[in-house]
Protein chains: 2
Amino acid sequence: MANLKDLADHLGLSQATVSRALNDYSTVNATTKQRVLQAANHLNYRPNTSARRLATGRAGAYGIVLPKADNLLMDPHFVDFLSGLTTAFAAHDLDIVLTGAEGIQAYQRFANTGKVDGFILSSPKSDDPRIRLLSEMEVPFVVHGRCDVDLDYAFYDIRNRSAFRDATNLLLNLGHTRIGLLNGPSDAIFARDRLKGYTEALVTNDLIPDPTLVMHDMMTEEYGYRATGTLFAQPSPPTALLCASTLVALGATRRLRRDGLTVPEDVSIISHDDCLSSLKTENFSVPLSVTRAPIRDAGTEIAKLIIDLSRGAAIADIQKTVPVDLIVRASTCTAPQARS
Amino acid sequence: MANLKDLADHLGLSQATVSRALNDYSTVNATTKQRVLQAANHLNYRPNTSARRLATGRAGAYGIVLPKADNLLMDPHFVDFLSGLTTAFAAHDLDIVLTGAEGIQAYQRFANTGKVDGFILSSPKSDDPRIRLLSEMEVPFVVHGRCDVDLDYAFYDIRNRSAFRDATNLLLNLGHTRIGLLNGPSDAIFARDRLKGYTEALVTNDLIPDPTLVMHDMMTEEYGYRATGTLFAQPSPPTALLCASTLVALGATRRLRRDGLTVPEDVSIISHDDCLSSLKTENFSVPLSVTRAPIRDAGTEIAKLIIDLSRGAAIADIQKTVPVDLIVRASTCTAPQARS
DNA sequence: TTGTAAGCGTTATCAT
DNA sequence: ATGATAACGCTTACAA
């Protein structure tokens, strides 16, 4: 491998000049710059990343720490999120470093060793200690989702609450009064927000939320299937279902079909749709009504945000919430008792 | 941040001694070693990764390049694979670097800049140029799956061919003669291997493979749904289905149910099961018969393999193929025409 | 057993 | 516009 010294010797220039030419400094002569660029290309020169990092103090990479617990039941959404991140980063020659290191101190170790310039945090929990730690350390980070800590931090989030409020309202307007909520894990903030939106809509419409209609768990297909079974085994089952993800909705419809219930005649369904590339809701047997927010977009946007943040943007300018579309397809209709 | 110099000054030792103590050199006095370790812990010292890399020439990370094309339709299996990789790497303090860089030269650039010590290649295509390139460059890499290049390279693969041969044989023994294959993408080696196994079983049983019974595509739920529709719209539809993944099987069963066909009475199904954490086949409405090979294991095993490889193990010792279990559950039974 | 000092390959600060 | 040269923080001969 040719290094800077080789290149400089080859050109009869100093390393300094070559380095400047390569890094687009204004002070370097246009002709020599051309020469350097050509020679670099010809010798297939690639600057050594470690050396550059050591000299500049920047890593050119951002970290994602996968806690072991999450690791056991990995979220299928994560891959589409990553896809968005990597494509956006590629344009800036940035990488993402994944580590399975354990616990919160992984962040400390990772930042202190200079492996990364910052972090992307996924699925924040209530009062998430990571946010406090990274804020103290003054390491740039962007949270995918909001948190309830009273600190100022950068985040990208979708409007979960209003999305689920709107979805619930739609069902209420269709005459549904008993609406099941197949929510995400109870410790996830996004699940709490969705529950808030759901509750808000009910209360505003003078209905008393029934806790037996709300389920919480990791969003697997199986969970959708089982939870639906539980809900419909009740004395007064729901006439509509709100699902936290398409996989959950898939499990729910599977169960309904097994139990001889049809969508939407017997049960209306609205699911949140992250637009997973391998599971499209428009192609469900009964095309699904959804609250739609492509999770891939979260990846691309967060990439931009953390780049801005590292360049010194104010945190207040790196707090983005995006609306969620409510798309009505065939899985929603008037409640059975409202017909006749 | 405390650095080595600070630590050495603090202890009244030379940087060399401190470094040796920290890196477990045998020549260092047991007492001083204790002192150093304590002080390091106390000052929260973390060696700078870039400096260490520059000095040692090792990166402590392995790369995965996500080509843009694959990026658009990301494979849900990838996340479980990553999960296996990161957990196994964590124990060795290794990271994985993801990049969305473009094309084959991304590998060159990546290895030459010293960002990684090697690569993990996913979904090899026929005569995959990456394998040739990396072999020439003498960069350690492990392929997830085998390839048809005539080079010696490290790989981890499941026995796709025999798995699908066995599955097909099972169906043949049950009296099925028209067996549909909902295969993966036609350019993927694993899909070719599965087709080989399927064909092999048919031919061995004196049946002529019918190309109209074989479909190829990215393994989405929708594909399972559509392809099944196509297969059963034929004049003489299959009585059994072989699916390349659980998501495909999910789509297939959805379609069958819509068309009023029951599993297994009308149609038997065997699916390949990568044991995705969010989609378990034992919980299908009709528990699915499967060829079972946890993709998470591929991650953990490949992590070990590439570590061995980097430590100088012979390539011949880093070629691992693992058998696939055939698990018979409720989705398979005798062919309709074989009954009565 | 420990210390000295020369790298590792860049970038950045001076001069010139 | 270019060249010396000193960092950057660590590892590792070589000495002692």
# chains A, B, ... in the order shown; residues from 1 in each chain; ligands from 1
call {"tool": "residues_around", "arguments": {"residues": "Lys304 in chain B", "least_positions_apart": "5", "cutoff": "9 Å", "atoms": "only C-alpha atoms (C1' of nucleotides)", "output": "list in words"}}
result
Leu85, Ala88, Phe89, Gly299 and Leu309 of chain B
call {"tool": "write_last_selection", "arguments": {"atoms": "C-alpha atoms", "output": "PDB file, in the first residue's frame"}}
result
ATOM      1  CA  LEU B  85     -22.596 -11.627  14.896  1.00  0.00           C
ATOM      2  CA  ALA B  88     -20.229 -13.245  19.418  1.00  0.00           C
ATOM      3  CA  PHE B  89     -18.008 -10.277  18.598  1.00  0.00           C
ATOM      4  CA  GLY B 299     -23.919 -15.086  12.788  1.00  0.00           C
ATOM      5  CA  LEU B 309      -9.069 -16.854  10.071  1.00  0.00           C
TER       6      LEU B 309
END
call {"tool": "residues_around", "arguments": {"residues": "range 2-12 of chain D", "least_positions_apart": "6", "cutoff": "6 Å", "atoms": "only C-alpha atoms (C1' of nucleotides)", "output": "list in words"}}
result
Leu54 and Ala55 of chain A; Ala51, Arg52 and Ala55 of chain B
call {"tool": "calpha_fit_rmsd", "arguments": {"fixed": "chain A", "moving": "chain B"}}
result
0.2 Å
call {"tool": "interface_residues", "arguments": {"of": "chain B", "to": "chain D", "cutoff": "9 Å", "atoms": "only C-alpha atoms (C1' of nucleotides)", "output": "NGL selection string"}}
result
:B and (3-5 or 16 or 19-20 or 47-56)
call {"tool": "interface_residues", "arguments": {"of": "chain B", "to": "chain A", "cutoff": "7 Å", "atoms": "only C-alpha atoms", "output": "mmCIF file with C-alpha atoms, in the first residue's frame"}}
result
data_model
loop_
_atom_site.group_PDB
_atom_site.id
_atom_site.type_symbol
_atom_site.label_atom_id
_atom_site.label_comp_id
_atom_site.auth_asym_id
_atom_site.auth_seq_id
_atom_site.Cartn_x
_atom_site.Cartn_y
_atom_site.Cartn_z
ATOM 1 C CA ARG B 46 -9.411 4.066 27.833
ATOM 2 C CA PRO B 47 -6.726 3.500 25.236
ATOM 3 C CA ASN B 48 -7.330 5.504 22.105
ATOM 4 C CA THR B 49 -8.456 3.144 19.396
ATOM 5 C CA SER B 50 -6.970 5.049 16.500
ATOM 6 C CA ALA B 51 -3.582 5.269 18.126
ATOM 7 C CA ARG B 53 -4.678 0.705 15.489
ATOM 8 C CA LEU B 54 -1.997 2.865 13.995
ATOM 9 C CA ASN B 71 -30.559 -1.905 0.392
ATOM 10 C CA LEU B 73 -35.430 -4.303 -0.306
ATOM 11 C CA MET B 74 -33.706 -5.281 2.872
ATOM 12 C CA PRO B 76 -35.586 -9.324 7.307
ATOM 13 C CA PHE B 78 -30.353 -9.829 8.173
ATOM 14 C CA VAL B 79 -31.276 -8.509 11.569
ATOM 15 C CA ASP B 80 -31.159 -11.919 13.234
ATOM 16 C CA SER B 83 -27.700 -10.238 16.258
ATOM 17 C CA THR B 86 -22.607 -8.800 17.393
ATOM 18 C CA THR B 87 -23.107 -10.998 20.437
ATOM 19 C CA ALA B 90 -18.791 -8.497 21.830
ATOM 20 C CA ASP B 95 -17.042 -4.361 16.299
ATOM 21 C CA ILE B 96 -18.739 -4.555 13.013
ATOM 22 C CA VAL B 97 -18.632 -1.663 10.600
ATOM 23 C CA LEU B 98 -21.548 -1.220 8.256
ATOM 24 C CA THR B 99 -21.224 0.827 5.140
ATOM 25 C CA GLY B 100 -23.576 1.639 2.342
ATOM 26 C CA ALA B 101 -20.733 2.368 -0.047
ATOM 27 C CA ARG B 109 -11.148 1.250 -0.238
ATOM 28 C CA ASN B 112 -6.839 -0.299 2.205
ATOM 29 C CA THR B 113 -7.751 2.451 4.594
ATOM 30 C CA GLY B 114 -7.407 -0.003 7.435
ATOM 31 C CA LYS B 115 -10.904 0.539 8.719
ATOM 32 C CA THR B 220 -41.506 -11.207 0.831
ATOM 33 C CA GLU B 221 -44.920 -12.051 2.182
ATOM 34 C CA GLU B 222 -46.468 -10.563 -0.911
ATOM 35 C CA SER B 277 -37.090 -14.049 16.321
ATOM 36 C CA SER B 278 -40.254 -12.225 15.369
ATOM 37 C CA LEU B 279 -41.895 -14.950 13.340
ATOM 38 C CA ASN B 283 -47.173 -20.965 16.102
#
call {"tool": "interface_residues", "arguments": {"of": "chain C", "to": "chain B", "cutoff": "9 Å", "atoms": "only C-alpha atoms (C1' of nucleotides)", "output": "list in words"}}
result
DT1, DT2, DG3, DG7, DC8 and DG9 of chain C
call {"tool": "residues_around", "arguments": {"residues": "range 311-321 of chain B", "least_positions_apart": "4", "cutoff": "10 Å", "atoms": "only C-alpha atoms (C1' of nucleotides)", "output": "CSV table (one decimal) with C-alpha atoms, in the first residue's frame"}}
result
chain,number,residue,atom,x,y,z
B,140,PRO,CA,-9.5,-12.2,5.4
B,141,PHE,CA,-13.2,-12.7,4.7
B,142,VAL,CA,-15.9,-15.3,5.4
B,143,VAL,CA,-18.8,-15.9,3.1
B,144,HIS,CA,-22.2,-16.6,4.5
B,145,GLY,CA,-23.2,-19.2,1.9
B,146,ARG,CA,-21.1,-20.9,-0.7
B,152,ASP,CA,-10.5,-21.5,-2.0
B,153,TYR,CA,-12.3,-19.3,0.4
B,154,ALA,CA,-13.7,-19.4,3.9
B,155,PHE,CA,-17.5,-19.9,4.3
B,156,TYR,CA,-20.3,-21.0,6.5
B,157,ASP,CA,-23.3,-22.5,4.8
B,158,ILE,CA,-26.2,-24.7,5.6
B,159,ARG,CA,-26.9,-27.8,3.5
B,160,ASN,CA,-29.5,-26.2,1.3
B,301,GLU,CA,-20.4,-19.2,13.9
B,302,ILE,CA,-19.2,-16.8,11.3
B,304,LYS,CA,-15.8,-17.4,15.4
B,305,LEU,CA,-14.6,-18.3,11.9
B,306,ILE,CA,-13.4,-14.9,10.9
B,307,ILE,CA,-11.6,-14.6,14.2
call {"tool": "atom_distance", "arguments": {"atom1": "CA of Pro237 in chain A", "atom2": "CA of Ala191 in chain A"}}
result
22.0 Å
call {"tool": "atom_distance", "arguments": {"atom1": "CA of Tyr198 in chain B", "atom2": "CA of Arg130 in chain B"}}
result
28.3 Å
call {"tool": "select_by_dssp", "arguments": {"residues": "range 75-174 of chain B", "states": "alpha helix (DSSP H)", "output": "VMD selection string"}}
result
chain B and resid 77 to 90 105 to 112 129 to 137 160 to 173
call {"tool": "write_last_selection", "arguments": {"atoms": "N, CA and C atoms", "output": "short mmCIF file (atom, residue, chain, number, x, y, z; two decimals), in the first residue's frame"}}
result
data_model
loop_
_atom_site.label_atom_id
_atom_site.label_comp_id
_atom_site.auth_asym_id
_atom_site.auth_seq_id
_atom_site.Cartn_x
_atom_site.Cartn_y
_atom_site.Cartn_z
N HIS B 77 -34.09 -11.24 7.33
CA HIS B 77 -33.24 -12.22 7.99
C HIS B 77 -31.97 -11.56 8.51
N PHE B 78 -31.63 -10.48 7.88
CA PHE B 78 -30.35 -9.83 8.17
C PHE B 78 -30.23 -9.43 9.64
N VAL B 79 -31.32 -9.01 10.20
CA VAL B 79 -31.28 -8.51 11.57
C VAL B 79 -30.96 -9.63 12.57
N ASP B 80 -31.48 -10.81 12.34
CA ASP B 80 -31.16 -11.92 13.23
C ASP B 80 -29.72 -12.38 13.03
N PHE B 81 -29.29 -12.31 11.81
CA PHE B 81 -27.90 -12.64 11.49
C PHE B 81 -26.96 -11.67 12.23
N LEU B 82 -27.26 -10.40 12.12
CA LEU B 82 -26.47 -9.38 12.82
C LEU B 82 -26.45 -9.62 14.31
N SER B 83 -27.60 -9.98 14.83
CA SER B 83 -27.70 -10.24 16.26
C SER B 83 -26.70 -11.31 16.70
N GLY B 84 -26.62 -12.36 15.91
CA GLY B 84 -25.65 -13.41 16.21
C GLY B 84 -24.23 -12.91 16.13
N LEU B 85 -23.94 -12.17 15.09
CA LEU B 85 -22.60 -11.63 14.90
C LEU B 85 -22.17 -10.74 16.06
N THR B 86 -23.00 -9.77 16.38
CA THR B 86 -22.61 -8.80 17.39
C THR B 86 -22.43 -9.44 18.76
N THR B 87 -23.29 -10.37 19.13
CA THR B 87 -23.11 -11.00 20.44
C THR B 87 -21.80 -11.77 20.49
N ALA B 88 -21.47 -12.47 19.42
CA ALA B 88 -20.23 -13.25 19.42
C ALA B 88 -19.02 -12.31 19.39
N PHE B 89 -19.11 -11.23 18.67
CA PHE B 89 -18.01 -10.28 18.60
C PHE B 89 -17.80 -9.56 19.92
N ALA B 90 -18.87 -9.27 20.59
CA ALA B 90 -18.79 -8.50 21.83
C ALA B 90 -17.83 -9.16 22.82
N GLN B 105 -15.53 -1.75 -5.47
CA GLN B 105 -14.35 -0.99 -5.03
C GLN B 105 -14.50 -0.51 -3.59
N ALA B 106 -15.73 -0.59 -3.08
CA ALA B 106 -15.92 -0.24 -1.67
C ALA B 106 -15.07 -1.15 -0.80
N TYR B 107 -14.94 -2.39 -1.20
CA TYR B 107 -14.14 -3.34 -0.42
C TYR B 107 -12.67 -2.95 -0.44
N GLN B 108 -12.20 -2.59 -1.61
CA GLN B 108 -10.81 -2.16 -1.72
C GLN B 108 -10.53 -0.99 -0.81
N ARG B 109 -11.35 0.03 -0.99
CA ARG B 109 -11.15 1.25 -0.24
C ARG B 109 -11.17 0.95 1.25
N PHE B 110 -12.12 0.13 1.59
CA PHE B 110 -12.32 -0.15 3.00
C PHE B 110 -11.16 -0.90 3.63
N ALA B 111 -10.66 -1.87 2.91
CA ALA B 111 -9.55 -2.65 3.45
C ALA B 111 -8.27 -1.81 3.42
N ASN B 112 -8.06 -1.07 2.35
CA ASN B 112 -6.84 -0.30 2.20
C ASN B 112 -6.72 0.82 3.23
N PRO B 129 -17.82 -11.54 -7.90
CA PRO B 129 -16.54 -10.84 -8.09
C PRO B 129 -15.89 -10.44 -6.77
N ARG B 130 -16.68 -10.29 -5.74
CA ARG B 130 -16.12 -9.88 -4.45
C ARG B 130 -15.15 -10.93 -3.93
N ILE B 131 -15.50 -12.18 -4.15
CA ILE B 131 -14.64 -13.26 -3.66
C ILE B 131 -13.29 -13.24 -4.36
N ARG B 132 -13.33 -13.02 -5.65
CA ARG B 132 -12.10 -12.95 -6.42
C ARG B 132 -11.24 -11.78 -5.93
N LEU B 133 -11.87 -10.64 -5.83
CA LEU B 133 -11.16 -9.44 -5.41
C LEU B 133 -10.50 -9.60 -4.04
N LEU B 134 -11.29 -10.04 -3.08
CA LEU B 134 -10.76 -10.14 -1.72
C LEU B 134 -9.69 -11.21 -1.60
N SER B 135 -9.83 -12.26 -2.40
CA SER B 135 -8.79 -13.29 -2.39
C SER B 135 -7.47 -12.71 -2.88
N GLU B 136 -7.55 -11.98 -3.97
CA GLU B 136 -6.36 -11.33 -4.53
C GLU B 136 -5.72 -10.38 -3.53
N MET B 137 -6.57 -9.63 -2.86
CA MET B 137 -6.07 -8.65 -1.90
C MET B 137 -5.54 -9.31 -0.64
N ASN B 160 -28.26 -26.56 2.02
CA ASN B 160 -29.51 -26.21 1.35
C ASN B 160 -30.00 -27.30 0.42
N ARG B 161 -29.06 -27.88 -0.32
CA ARG B 161 -29.48 -28.86 -1.31
C ARG B 161 -30.10 -30.08 -0.65
N SER B 162 -29.39 -30.64 0.31
CA SER B 162 -29.93 -31.85 0.94
C SER B 162 -31.20 -31.53 1.73
N ALA B 163 -31.26 -30.32 2.27
CA ALA B 163 -32.46 -29.94 3.01
C ALA B 163 -33.68 -29.98 2.09
N PHE B 164 -33.52 -29.40 0.93
CA PHE B 164 -34.67 -29.36 0.02
C PHE B 164 -34.88 -30.69 -0.70
N ARG B 165 -33.82 -31.47 -0.78
CA ARG B 165 -34.00 -32.83 -1.32
C ARG B 165 -34.83 -33.64 -0.33
N ASP B 166 -34.45 -33.56 0.92
CA ASP B 166 -35.17 -34.29 1.95
C ASP B 166 -36.64 -33.86 2.02
N ALA B 167 -36.83 -32.56 1.98
CA ALA B 167 -38.20 -32.05 2.08
C ALA B 167 -39.03 -32.54 0.90
N THR B 168 -38.43 -32.48 -0.27
CA THR B 168 -39.15 -32.93 -1.47
C THR B 168 -39.44 -34.43 -1.38
N ASN B 169 -38.45 -35.16 -0.92
CA ASN B 169 -38.65 -36.61 -0.76
C ASN B 169 -39.79 -36.92 0.21
N LEU B 170 -39.84 -36.18 1.27
CA LEU B 170 -40.93 -36.38 2.23
C LEU B 170 -42.27 -36.22 1.54
N LEU B 171 -42.38 -35.17 0.76
CA LEU B 171 -43.64 -34.91 0.06
C LEU B 171 -43.93 -36.00 -0.98
N LEU B 172 -42.88 -36.43 -1.65
CA LEU B 172 -43.06 -37.51 -2.64
C LEU B 172 -43.55 -38.78 -1.96
N ASN B 173 -42.97 -39.06 -0.81
CA ASN B 173 -43.38 -40.25 -0.06
C ASN B 173 -44.83 -40.17 0.40
#
call {"tool": "select_by_dssp", "arguments": {"residues": "range 135-320 of chain B", "states": "strand (DSSP E)", "output": "PyMOL selection string"}}
result
chain B and resi 141-144+154-158+179-183+214-216+240-243+268-273+289-292+319-320
call {"tool": "atom_distance", "arguments": {"atom1": "CA of Asp273 in chain B", "atom2": "CA of Thr239 in chain B"}}
result
20.5 Å
call {"tool": "closest_residue", "arguments": {"among": "B:Asp117, B:Glu200, B:Asp210, B:Glu265", "to": "Leu174 in chain B", "atoms": "only C-alpha atoms"}}
result
B:Glu265
